[in-house]
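Peer 1: Input file: model.txt. Contents: compact mmCIF, C-alpha atoms.
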```txt
# COMPACT_ATOMS: atom_id res chain seq x y z
CA MET A 914 -18.17 70.23 56.06
CA LYS A 915 -20.68 67.40 56.30
CA SER A 916 -23.20 66.88 53.47
CA PRO A 917 -26.92 67.08 54.31
CA SER A 918 -28.24 63.62 55.15
CA SER A 919 -30.72 63.69 52.25
CA LEU A 920 -27.80 64.32 49.87
CA ASP A 921 -25.95 61.35 51.37
CA PHE A 922 -29.09 59.26 50.92
CA LEU A 923 -29.32 60.34 47.25
CA THR A 924 -25.64 59.51 46.71
CA GLU A 925 -26.07 56.05 48.23
CA ALA A 926 -29.18 55.47 46.09
CA LEU A 927 -27.29 56.38 42.91
CA ARG A 928 -24.53 53.91 43.85
CA ARG A 929 -27.04 51.10 43.29
CA LEU A 930 -26.74 51.67 39.54
CA PRO A 931 -24.28 49.34 37.75
CA GLY A 932 -20.86 50.88 37.17
CA VAL A 933 -21.48 53.84 39.48
CA GLY A 934 -18.91 54.15 42.24
CA PRO A 935 -18.90 56.50 45.24
CA LYS A 936 -17.28 59.45 43.43
CA SER A 937 -19.52 59.18 40.35
CA ALA A 938 -22.61 58.93 42.54
CA GLN A 939 -21.52 61.99 44.51
CA ARG A 940 -20.92 63.98 41.30
CA MET A 941 -24.37 63.00 39.97
CA ALA A 942 -26.08 63.96 43.23
CA TYR A 943 -24.35 67.35 43.40
CA HIS A 944 -25.04 68.00 39.72
CA LEU A 945 -28.75 67.28 40.09
CA MET A 946 -29.08 69.47 43.18
CA GLN A 947 -26.90 72.32 41.88
CA HIS A 948 -27.63 72.46 38.15
CA ASP A 949 -30.72 70.40 37.30
CA ARG A 950 -33.33 70.32 40.06
CA GLU A 951 -36.05 70.10 37.41
CA GLY A 952 -34.32 67.06 35.91
CA ALA A 953 -34.06 65.54 39.39
CA GLY A 954 -37.82 65.92 39.78
CA VAL A 955 -38.45 64.32 36.38
CA LEU A 956 -36.11 61.45 37.30
CA SER A 957 -37.85 61.02 40.65
CA ARG A 958 -41.32 60.90 39.09
CA ALA A 959 -40.20 58.55 36.31
CA LEU A 960 -38.68 56.12 38.82
CA ALA A 961 -41.77 56.23 41.04
CA GLN A 962 -44.05 55.61 38.03
CA ALA A 963 -41.89 52.75 36.73
CA VAL A 964 -41.78 51.04 40.13
CA GLU A 965 -45.55 51.43 40.48
CA GLN A 966 -46.60 50.34 36.99
CA ILE A 967 -44.01 47.90 35.61
CA HIS A 968 -44.28 44.23 36.50
CA HIS A 969 -43.61 40.85 34.86
CA CYS A 970 -45.56 39.42 31.94
CA ALA A 971 -47.64 36.44 33.07
CA ARG A 972 -46.47 34.42 30.04
CA CYS A 973 -42.88 35.37 29.24
CA ASN A 974 -41.70 37.11 32.43
CA THR A 975 -40.44 40.27 30.67
CA PHE A 976 -41.31 43.79 31.83
CA THR A 977 -44.77 45.09 30.97
CA GLU A 978 -47.44 47.42 32.27
CA ASN A 979 -50.19 44.89 31.43
CA ASP A 980 -50.83 41.32 32.56
CA VAL A 981 -49.47 40.02 29.23
CA CYS A 982 -46.92 41.93 27.12
CA GLU A 983 -47.47 43.09 23.52
CA THR A 984 -45.04 40.50 22.12
CA CYS A 985 -46.95 37.59 23.68
CA LEU A 986 -50.23 39.00 22.35
CA ASP A 987 -48.91 39.54 18.79
CA PRO A 988 -50.82 37.16 16.46
CA GLU A 989 -48.01 37.44 13.87
CA ARG A 990 -45.60 35.63 16.21
CA ASP A 991 -44.80 31.92 15.80
CA PRO A 992 -45.97 30.34 19.09
CA SER A 993 -44.07 27.11 18.38
CA LEU A 994 -40.71 28.90 18.85
CA LEU A 995 -39.63 30.01 22.33
CA CYS A 996 -36.40 31.96 22.79
CA VAL A 997 -34.93 31.99 26.30
CA VAL A 998 -32.89 35.06 27.26
CA GLU A 999 -31.38 36.31 30.51
CA THR A 1000 -32.69 39.89 30.53
CA PRO A 1001 -35.19 42.20 28.84
CA GLY A 1002 -32.15 44.00 27.37
CA ASP A 1003 -31.11 40.75 25.65
CA GLN A 1004 -34.66 40.33 24.33
CA LEU A 1005 -34.56 43.87 22.91
CA MET A 1006 -31.27 43.17 21.11
CA ILE A 1007 -32.67 40.02 19.48
CA GLU A 1008 -35.77 41.95 18.43
CA GLN A 1009 -33.58 44.58 16.77
CA THR A 1010 -32.05 41.94 14.50
CA LEU A 1011 -35.47 41.42 12.82
CA THR A 1012 -34.55 37.73 12.31
CA TYR A 1013 -36.63 36.07 15.02
CA LYS A 1014 -40.43 35.88 14.90
CA GLY A 1015 -41.17 33.52 17.78
CA LEU A 1016 -41.98 34.22 21.42
CA TYR A 1017 -39.71 34.69 24.45
CA PHE A 1018 -39.09 33.70 28.01
CA VAL A 1019 -36.96 36.07 30.10
CA LEU A 1020 -35.12 34.43 33.00
CA MET A 1021 -34.27 37.72 34.76
CA GLY A 1022 -30.86 36.32 35.57
CA ARG A 1023 -28.65 33.26 35.19
CA LEU A 1024 -27.55 30.38 37.36
CA SER A 1025 -24.67 31.32 39.64
CA PRO A 1026 -24.25 28.92 42.57
CA LEU A 1027 -21.38 30.99 43.99
CA ASP A 1028 -23.79 33.93 44.31
CA GLY A 1029 -26.59 31.74 45.64
CA ILE A 1030 -28.64 31.99 42.42
CA GLY A 1031 -30.32 28.68 41.70
CA PRO A 1032 -33.09 27.36 39.41
CA LYS A 1033 -35.91 28.97 41.46
CA ASP A 1034 -34.26 32.39 41.13
CA ILE A 1035 -34.38 32.22 37.32
CA HIS A 1036 -38.04 31.08 37.23
CA LEU A 1037 -37.19 27.61 35.88
CA GLU A 1038 -40.55 26.10 36.90
CA LYS A 1039 -42.41 28.85 35.03
CA LEU A 1040 -40.17 28.28 31.98
CA ILE A 1041 -40.83 24.52 32.03
CA ALA A 1042 -44.58 25.11 32.25
CA ARG A 1043 -44.39 27.58 29.34
CA ALA A 1044 -42.19 25.33 27.18
CA THR A 1045 -44.33 22.23 27.75
CA ASP A 1046 -47.66 23.90 26.97
CA GLY A 1047 -48.21 21.65 23.94
CA VAL A 1048 -47.67 24.51 21.48
CA VAL A 1049 -43.91 25.08 21.75
CA SER A 1050 -41.91 22.71 19.53
CA GLU A 1051 -38.44 24.33 19.75
CA VAL A 1052 -36.70 26.23 22.52
CA VAL A 1053 -33.84 28.50 21.42
CA LEU A 1054 -31.35 29.11 24.23
CA ALA A 1055 -29.98 32.63 23.85
CA THR A 1056 -28.23 33.02 27.17
CA ASN A 1057 -24.96 34.93 27.19
CA PHE A 1058 -21.69 33.20 26.34
CA THR A 1059 -20.27 33.74 29.82
CA ASN A 1060 -19.47 30.83 32.16
CA GLU A 1061 -22.76 31.39 34.01
CA GLY A 1062 -24.70 31.78 30.76
CA GLU A 1063 -23.26 28.55 29.37
CA ALA A 1064 -24.02 26.68 32.61
CA THR A 1065 -27.57 28.06 32.55
CA ALA A 1066 -28.05 27.00 28.92
CA HIS A 1067 -26.72 23.50 29.66
CA TYR A 1068 -28.98 23.07 32.69
CA ILE A 1069 -32.08 24.28 30.85
CA SER A 1070 -31.20 22.20 27.78
CA GLU A 1071 -30.91 18.96 29.79
CA THR A 1072 -34.12 19.74 31.70
CA LEU A 1073 -36.17 20.44 28.55
CA LYS A 1074 -34.70 17.64 26.42
CA ALA A 1075 -35.66 15.20 29.19
CA ARG A 1076 -39.25 16.34 28.54
CA GLY A 1077 -38.96 15.61 24.81
CA LEU A 1078 -38.49 19.16 23.53
CA LYS A 1079 -36.20 20.17 20.69
CA VAL A 1080 -33.59 22.57 22.10
CA SER A 1081 -31.20 24.71 20.08
CA ARG A 1082 -28.50 27.21 21.08
CA LEU A 1083 -27.41 30.43 19.41
CA ALA A 1084 -24.50 29.69 17.10
CA ARG A 1085 -21.12 31.10 17.95
CA GLY A 1086 -20.71 34.46 16.44
CA VAL A 1087 -21.51 36.21 19.64
CA PRO A 1088 -18.04 36.51 21.21
CA VAL A 1089 -17.19 34.24 24.15
CA GLY A 1090 -17.57 36.29 27.30
CA GLY A 1091 -19.88 38.69 25.44
CA GLU A 1092 -23.27 39.85 26.68
CA LEU A 1093 -26.06 40.18 24.11
CA GLU A 1094 -27.08 43.64 25.26
CA TYR A 1095 -23.67 44.98 24.15
CA VAL A 1096 -23.20 42.99 20.91
CA ASP A 1097 -24.02 44.52 17.54
CA ALA A 1098 -27.28 43.47 15.89
CA GLY A 1099 -25.56 41.95 12.82
CA THR A 1100 -23.57 39.50 14.95
CA ILE A 1101 -26.70 38.48 16.87
CA ALA A 1102 -28.64 38.08 13.61
CA ARG A 1103 -25.97 35.70 12.24
CA ALA A 1104 -25.93 33.75 15.50
CA MET A 1105 -29.73 33.43 15.48
CA LEU A 1106 -29.84 32.24 11.86
CA ASP A 1107 -27.03 29.71 12.50
CA ARG A 1108 -28.36 28.35 15.78
CA ARG A 1109 -27.68 24.66 16.43
CA SER A 1110 -29.15 21.82 18.46
CA THR A 1111 -27.61 21.21 21.88
```
Reformat the file's structure so that it appears as structure tokens.
Peer 2:
Amino acid sequence: MKSPSSLDFLTEALRRLPGVGPKSAQRMAYHLMQHDREGAGVLSRALAQAVEQIHHCARCNTFTENDVCETCLDPERDPSLLCVVETPGDQLMIEQTLTYKGLYFVLMGRLSPLDGIGPKDIHLEKLIARATDGVVSEVVLATNFTNEGEATAHYISETLKARGLKVSRLARGVPVGGELEYVDAGTIARAMLDRRST
């Protein structure tokens, strides 16, 4: 028996999610259609609304529904500190530590020449403009401790130090090979407090 084409389309769409293989996607699709059509409708509307309304902050590049995100507009933040992270998930984890009160720049990725991801793909020009605005005095590199994250941190560090900026890196404490989104808040807090110059 062949599945209806719209069910195949749904299955293929679900496979775009990280960690979802063909069998998992098929199970999800059948579950939604058989047991939770109302939930499927809610999911559909939520996705459509998110795609329509969420875009990048003009200052820090994170996700927002406004031109500038709430963090960038917060007058309690220290504008002289700029923390560079790979993803909005990494930014959220640092926020949950309650140890950092500066501003952010979200790269939306990391350098990976083998995958064809270069400086333009991680918004390096926008980061340089943000970091050299005359207000920022220290850039904290909080990229992940993967090979790509380390290469990204090194590249950004050299680029910004050449422009006279103080650049620091999260201290070890975050495990090598670890991704911030999956590390506990206590470990990230210790790494943020013990950051070092690069």
Peer 1: Give me the residues near Val1087 of chain A as a list in words, where near means some atom within 8 Å (using all atoms listed in the file) and where sequence neighbours in that chain fewer than 2 positions away do not count.
Peer 2: Phe1058, Ala1084, Arg1085, Val1089, Gly1091, Leu1093, Val1096, Thr1100, Ile1101 and Ala1104 of chain A
Peer 1: Env of Asn974 of chain A: 10 Å cut, atoms = only C-alpha atoms, seq-sep filter 3 positions within chain, self excluded. Answer as a VMD selection string.
Peer 2: chain A and resid 968 to 971 977 981 to 982 1000 to 1001 1017 to 1021 1036 1039 to 1040
Peer 1: If we count only C-alpha atoms, what is near Leu1073 of chain A at a cut-off of 9 Å, once residues fewer than 3 positions away on the same chain are taken out, given as number ranges by chain?
Peer 2: A: 1041, 1044-1045, 1052, 1068-1070, 1076-1080
Peer 1: How many Å lie between atom CA of Phe922 of chain A and atom CA of Met941 of chain A, rounded to one decimal?
Peer 2: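 Those two atoms sit 12.5 Å apart.
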Peer 1: Leaving out segment 1003-1013 of chain A and any residue of its chain fewer than 6 positions from it, which residues lie within 8 Å of it when counting all atoms listed in the file, given as a PDB file with C-alpha atoms, in the coordinates of the input?
Peer 2:
```
ATOM      1  CA  VAL A1019     -36.960  36.070  30.100  1.00  0.00           C
ATOM      2  CA  GLU A1092     -23.270  39.850  26.680  1.00  0.00           C
ATOM      3  CA  LEU A1093     -26.060  40.180  24.110  1.00  0.00           C
ATOM      4  CA  GLU A1094     -27.080  43.640  25.260  1.00  0.00           C
ATOM      5  CA  ALA A1098     -27.280  43.470  15.890  1.00  0.00           C
ATOM      6  CA  GLY A1099     -25.560  41.950  12.820  1.00  0.00           C
ATOM      7  CA  ILE A1101     -26.700  38.480  16.870  1.00  0.00           C
ATOM      8  CA  ALA A1102     -28.640  38.080  13.610  1.00  0.00           C
ATOM      9  CA  MET A1105     -29.730  33.430  15.480  1.00  0.00           C
ATOM     10  CA  LEU A1106     -29.840  32.240  11.860  1.00  0.00           C
TER      11      LEU A1106
END
```
Peer 1: Pick from A:Cys973, A:Ala1075, A:Ala1064, A:Val998: nearest to Gly1031 of chain A, with only C-alpha atoms counted?
Peer 2: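 When distances to Gly1031 of chain A are compared using only C-alpha atoms, the smallest one comes from A:Ala1064.
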Peer 1: Got a sec: who's within 12 Å of Ser919 of chain A, counting only C-alpha atoms, leaving out chain neighbours fewer than 6 positions off, as an MDAnalysis selection string?
Peer 2: chainID A and resid 925:926 942:943 946
Peer 1: Would you mind telling me which residue in A:Leu995, A:Leu945, A:Leu923, A:Leu986 lies nearest to Val1049 of chain A when using only C-alpha atoms?
Peer 2: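 Distance minimum relative to Val1049 of chain A lands on A:Leu995.
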Peer 1: Report the distance between atom CA of Arg1108 of chain A and atom CA of Leu1054 of chain A in Å, rounded to one decimal place.
Peer 2: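 About the pair atom CA of Arg1108 of chain A and atom CA of Leu1054 of chain A: they are 9.0 Å apart.
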Peer 1: Which distance in Å separates atom CA of Gly1015 of chain A and atom CA of Glu1063 of chain A, to one decimal?
Peer 2: 21.9 Å
Peer 1: Could you tell me which of A:Phe976, A:Asp1107, A:Gly1047, A:Thr1065 comes closest to Pro1032 of chain A if we count only C-alpha atoms?
Peer 2: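 With only C-alpha atoms as the atom set, the closest residue is A:Thr1065.
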Peer 1: From the list A:Leu1083, A:Ala959, A:Ile967, A:Val997, which residue is nearest Asn979 of chain A when using only C-alpha atoms?
Peer 2: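 Residue with the minimum atom-to-atom distance to Asn979 of chain A: A:Ile967.
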Peer 1: Would you kindly identify which residues have an atom no farther than 12 Å from (-25.3, 27.2, 39.7), using all atoms listed in the file and the file's own coordinates, and write them out as a ChimeraX atom specification?
Peer 2: /A:1022-1035,1060-1069
Peer 1: Which one is closest to Arg990 of chain A: A:Arg1109, A:Lys1014, A:Arg1043, A:Arg928? Count only C-alpha atoms.
Peer 2: A:Lys1014
Peer 1: What would segment 1064-1078 of chain A look like with N, CA, C and O atoms restored, written as a PDB file, keeping the file's coordinate frame?
Peer 2:
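The resulting file, out23.pdb, is shown below:
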```
ATOM      1  N   ALA A1064     -23.516  27.646  31.623  1.00  0.00           N
ATOM      2  CA  ALA A1064     -24.020  26.680  32.610  1.00  0.00           C
ATOM      3  C   ALA A1064     -25.550  26.709  32.653  1.00  0.00           C
ATOM      4  O   ALA A1064     -26.201  25.661  32.746  1.00  0.00           O
ATOM      5  N   THR A1065     -26.113  27.904  32.559  1.00  0.00           N
ATOM      6  CA  THR A1065     -27.570  28.060  32.550  1.00  0.00           C
ATOM      7  C   THR A1065     -28.162  27.375  31.321  1.00  0.00           C
ATOM      8  O   THR A1065     -29.154  26.637  31.424  1.00  0.00           O
ATOM      9  N   ALA A1066     -27.565  27.615  30.158  1.00  0.00           N
ATOM     10  CA  ALA A1066     -28.050  27.000  28.920  1.00  0.00           C
ATOM     11  C   ALA A1066     -27.979  25.474  29.010  1.00  0.00           C
ATOM     12  O   ALA A1066     -28.912  24.773  28.608  1.00  0.00           O
ATOM     13  N   HIS A1067     -26.883  24.960  29.538  1.00  0.00           N
ATOM     14  CA  HIS A1067     -26.720  23.500  29.660  1.00  0.00           C
ATOM     15  C   HIS A1067     -27.794  22.916  30.583  1.00  0.00           C
ATOM     16  O   HIS A1067     -28.433  21.907  30.256  1.00  0.00           O
ATOM     17  N   TYR A1068     -27.997  23.559  31.717  1.00  0.00           N
ATOM     18  CA  TYR A1068     -28.980  23.070  32.690  1.00  0.00           C
ATOM     19  C   TYR A1068     -30.385  23.077  32.096  1.00  0.00           C
ATOM     20  O   TYR A1068     -31.125  22.091  32.204  1.00  0.00           O
ATOM     21  N   ILE A1069     -30.752  24.171  31.458  1.00  0.00           N
ATOM     22  CA  ILE A1069     -32.080  24.280  30.850  1.00  0.00           C
ATOM     23  C   ILE A1069     -32.226  23.270  29.713  1.00  0.00           C
ATOM     24  O   ILE A1069     -33.261  22.612  29.572  1.00  0.00           O
ATOM     25  N   SER A1070     -31.173  23.128  28.906  1.00  0.00           N
ATOM     26  CA  SER A1070     -31.200  22.200  27.780  1.00  0.00           C
ATOM     27  C   SER A1070     -31.479  20.765  28.263  1.00  0.00           C
ATOM     28  O   SER A1070     -32.353  20.077  27.727  1.00  0.00           O
ATOM     29  N   GLU A1071     -30.736  20.325  29.265  1.00  0.00           N
ATOM     30  CA  GLU A1071     -30.910  18.960  29.790  1.00  0.00           C
ATOM     31  C   GLU A1071     -32.310  18.787  30.379  1.00  0.00           C
ATOM     32  O   GLU A1071     -32.949  17.744  30.183  1.00  0.00           O
ATOM     33  N   THR A1072     -32.787  19.806  31.080  1.00  0.00           N
ATOM     34  CA  THR A1072     -34.120  19.740  31.700  1.00  0.00           C
ATOM     35  C   THR A1072     -35.216  19.631  30.649  1.00  0.00           C
ATOM     36  O   THR A1072     -36.144  18.828  30.778  1.00  0.00           O
ATOM     37  N   LEU A1073     -35.119  20.431  29.585  1.00  0.00           N
ATOM     38  CA  LEU A1073     -36.170  20.440  28.550  1.00  0.00           C
ATOM     39  C   LEU A1073     -36.067  19.237  27.615  1.00  0.00           C
ATOM     40  O   LEU A1073     -37.095  18.694  27.198  1.00  0.00           O
ATOM     41  N   LYS A1074     -34.842  18.818  27.288  1.00  0.00           N
ATOM     42  CA  LYS A1074     -34.700  17.640  26.420  1.00  0.00           C
ATOM     43  C   LYS A1074     -35.246  16.391  27.108  1.00  0.00           C
ATOM     44  O   LYS A1074     -35.796  15.515  26.450  1.00  0.00           O
ATOM     45  N   ALA A1075     -35.119  16.333  28.436  1.00  0.00           N
ATOM     46  CA  ALA A1075     -35.660  15.200  29.190  1.00  0.00           C
ATOM     47  C   ALA A1075     -37.184  15.149  29.087  1.00  0.00           C
ATOM     48  O   ALA A1075     -37.799  14.105  29.305  1.00  0.00           O
ATOM     49  N   ARG A1076     -37.788  16.273  28.723  1.00  0.00           N
ATOM     50  CA  ARG A1076     -39.250  16.340  28.540  1.00  0.00           C
ATOM     51  C   ARG A1076     -39.633  16.245  27.069  1.00  0.00           C
ATOM     52  O   ARG A1076     -40.761  16.550  26.697  1.00  0.00           O
ATOM     53  N   GLY A1077     -38.676  15.869  26.217  1.00  0.00           N
ATOM     54  CA  GLY A1077     -38.960  15.610  24.810  1.00  0.00           C
ATOM     55  C   GLY A1077     -38.986  16.823  23.904  1.00  0.00           C
ATOM     56  O   GLY A1077     -39.454  16.729  22.767  1.00  0.00           O
ATOM     57  N   LEU A1078     -38.490  17.953  24.359  1.00  0.00           N
ATOM     58  CA  LEU A1078     -38.490  19.160  23.530  1.00  0.00           C
ATOM     59  C   LEU A1078     -37.224  19.274  22.694  1.00  0.00           C
ATOM     60  O   LEU A1078     -36.140  18.858  23.123  1.00  0.00           O
TER      61      LEU A1078
END
```
